Amino acid sequence: MTIKLNKEEKVEKLVELFSENYPEPGTALKHKSSFELLIATILSAQTTDVQVNKVTKELFKKYNTPQDLLKLSQKELEKKINSIGLYRNKAKYILKTCRILLDEFKGKVPETRKELLKLSGVGRKTANVVLANAFSKAAFPVDTHVFRVSERLGLSSGKNVDQTEKELTELIPKKYWIDFHHWLIDHGRAICKAQNPDCENCFASHLCRYYQNK
DNA sequence: AACTCGGGGCA
DNA sequence: TGCCCAGAGTT
């Protein structure tokens, strides 16, 4: 049983389905200052919101500016975040980023992609997350899950990251960017896995290109 | 373009 | 118990 829809209609349907099945997307990034959002996003590489929340909840109680975090040595910061993976690198990136924020950006998180990419531990995905979440700007953030799941659903071509970013930026209404990003990630983990996607238990299979061509 | 970081999730 | 990973920097 499949339904034919154009992409825009499909997005609307998916918004309904995703919001029912994943009611609280992006818990690690919501209700944060642009600085806390930046740090939480750097920490989120190769791990989950749940893991990031464990660390940031305590960390941001006392340290919520670049000046605050720079009071910590790298070892001290490592100890505060060592329950998540890649913590040595992340501690190093974060302290370096705080230093750059103070030296070059007057302690404030910059609002352009070019400037964000000067920070340590910030690549195209992290830059887009910050721009979209904190400043409602720029492009839809694309990571491996977003790339794969949006291609399977037929929302993007799957050609490359540049093209996918462009396609989703045009297709997804801006008001849905933040939630949609997290929905695609949640879905990519739980059901639409890279290997052996669990299509039998997928609530969106009736409008999925991948499933139809299976 | 390949390698590295890393604790947690899951088979 | 081993395999894989919600990226980015380094070589």
# chains A, B, ... in the order shown; residues from 1 in each chain; ligands from 1
>>> interface_residues(of="chain C", to="chain A", cutoff="8 Å", atoms="only C-alpha atoms (C1' of nucleotides)", output="PyMOL selection string")
chain C and resi 5-9
>>> residues_around(residues="Val109 of chain A", least_positions_apart="3", cutoff="12 Å", atoms="only C-alpha atoms (C1' of nucleotides)", output="PyMOL selection string")
chain A and resi 33-39+65-66+97-106+112-113+115-119+122+127+130-131+134-135
>>> write_last_selection(atoms="C-alpha atoms", output="PDB file, in the first residue's frame")
ATOM      1  CA  SER A  33      22.115  30.580  24.610  1.00  0.00           C
ATOM      2  CA  SER A  34      24.015  30.707  21.331  1.00  0.00           C
ATOM      3  CA  PHE A  35      27.211  29.982  23.243  1.00  0.00           C
ATOM      4  CA  GLU A  36      25.823  26.957  25.063  1.00  0.00           C
ATOM      5  CA  LEU A  37      24.308  25.765  21.818  1.00  0.00           C
ATOM      6  CA  LEU A  38      27.696  26.008  20.128  1.00  0.00           C
ATOM      7  CA  ILE A  39      29.445  24.039  22.864  1.00  0.00           C
ATOM      8  CA  THR A  65      30.611  31.990  28.846  1.00  0.00           C
ATOM      9  CA  PRO A  66      33.990  31.617  27.088  1.00  0.00           C
ATOM     10  CA  THR A  97      37.184  27.893  20.396  1.00  0.00           C
ATOM     11  CA  CYS A  98      36.657  29.924  23.587  1.00  0.00           C
ATOM     12  CA  ARG A  99      40.031  31.566  23.056  1.00  0.00           C
ATOM     13  CA  ILE A 100      39.172  32.452  19.450  1.00  0.00           C
ATOM     14  CA  LEU A 101      35.766  33.806  20.489  1.00  0.00           C
ATOM     15  CA  LEU A 102      37.432  36.190  22.921  1.00  0.00           C
ATOM     16  CA  ASP A 103      40.333  37.154  20.670  1.00  0.00           C
ATOM     17  CA  GLU A 104      38.478  37.603  17.394  1.00  0.00           C
ATOM     18  CA  PHE A 105      34.749  37.883  18.081  1.00  0.00           C
ATOM     19  CA  LYS A 106      34.493  39.898  21.293  1.00  0.00           C
ATOM     20  CA  THR A 112      28.029  33.743   9.532  1.00  0.00           C
ATOM     21  CA  ARG A 113      29.159  30.370   8.306  1.00  0.00           C
ATOM     22  CA  GLU A 115      33.306  32.970  10.698  1.00  0.00           C
ATOM     23  CA  LEU A 116      31.927  29.912  12.478  1.00  0.00           C
ATOM     24  CA  LEU A 117      34.220  27.703  10.409  1.00  0.00           C
ATOM     25  CA  LYS A 118      37.209  29.516  11.908  1.00  0.00           C
ATOM     26  CA  LEU A 119      36.358  27.994  15.281  1.00  0.00           C
ATOM     27  CA  VAL A 122      33.233  23.392  14.028  1.00  0.00           C
ATOM     28  CA  ALA A 127      28.050  25.550  11.703  1.00  0.00           C
ATOM     29  CA  VAL A 130      24.240  26.832  15.148  1.00  0.00           C
ATOM     30  CA  LEU A 131      23.098  29.100  12.319  1.00  0.00           C
ATOM     31  CA  ALA A 134      20.469  30.169  17.173  1.00  0.00           C
ATOM     32  CA  PHE A 135      20.075  32.622  14.332  1.00  0.00           C
TER      33      PHE A 135
END
>>> atom_distance(atom1="atom CA of Tyr176 of chain A", atom2="atom CA of Glu151 of chain A")
17.8 Å
>>> interface_residues(of="chain B", to="chain A", cutoff="8 Å", atoms="only C-alpha atoms (C1' of nucleotides)", output="JSON, numbers by chain")
{"B": [5, 6, 7, 8]}
>>> write_last_selection(atoms="N, CA, C and O atoms (P, O5', C5', C4', C3', O3' and C1' of nucleotides)", output="short mmCIF file (atom, residue, chain, number, x, y, z; two decimals), in the first residue's frame")
data_model
loop_
_atom_site.label_atom_id
_atom_site.label_comp_id
_atom_site.auth_asym_id
_atom_site.auth_seq_id
_atom_site.Cartn_x
_atom_site.Cartn_y
_atom_site.Cartn_z
P DC B 5 43.94 7.29 18.55
"O5'" DC B 5 42.87 8.19 19.30
"C5'" DC B 5 43.11 9.58 19.48
"C4'" DC B 5 41.78 10.31 19.55
"C3'" DC B 5 40.84 9.79 20.65
"O3'" DC B 5 40.26 10.90 21.29
"C1'" DC B 5 39.72 9.91 18.62
P DG B 6 40.03 10.92 22.87
"O5'" DG B 6 38.76 9.99 23.11
"C5'" DG B 6 38.92 8.67 23.60
"C4'" DG B 6 37.55 8.14 23.90
"C3'" DG B 6 37.56 6.68 24.37
"O3'" DG B 6 36.48 6.51 25.27
"C1'" DG B 6 36.27 6.84 22.44
P DG B 7 36.75 5.85 26.72
"O5'" DG B 7 35.33 5.94 27.40
"C5'" DG B 7 34.65 7.19 27.53
"C4'" DG B 7 33.19 7.04 27.15
"C3'" DG B 7 32.49 5.89 27.84
"O3'" DG B 7 31.19 6.32 28.24
"C1'" DG B 7 32.35 5.62 25.48
P DG B 8 30.19 5.32 29.04
"O5'" DG B 8 29.11 4.95 27.93
"C5'" DG B 8 28.38 6.00 27.30
"C4'" DG B 8 27.55 5.44 26.15
"C3'" DG B 8 26.66 4.26 26.53
"O3'" DG B 8 25.41 4.41 25.89
"C1'" DG B 8 28.04 3.66 24.73
#
>>> select_by_dssp(residues="segment 56-175 of chain A", states="helix (DSSP H, G or I)", output="number ranges by chain")
A: 56-62, 66-69, 74-81, 87-105, 113-116, 124-135, 144-153, 161-171, 174-175
>>> atom_distance(atom1="atom CA of Thr169 of chain A", atom2="atom CA of Phe140 of chain A")
5.1 Å
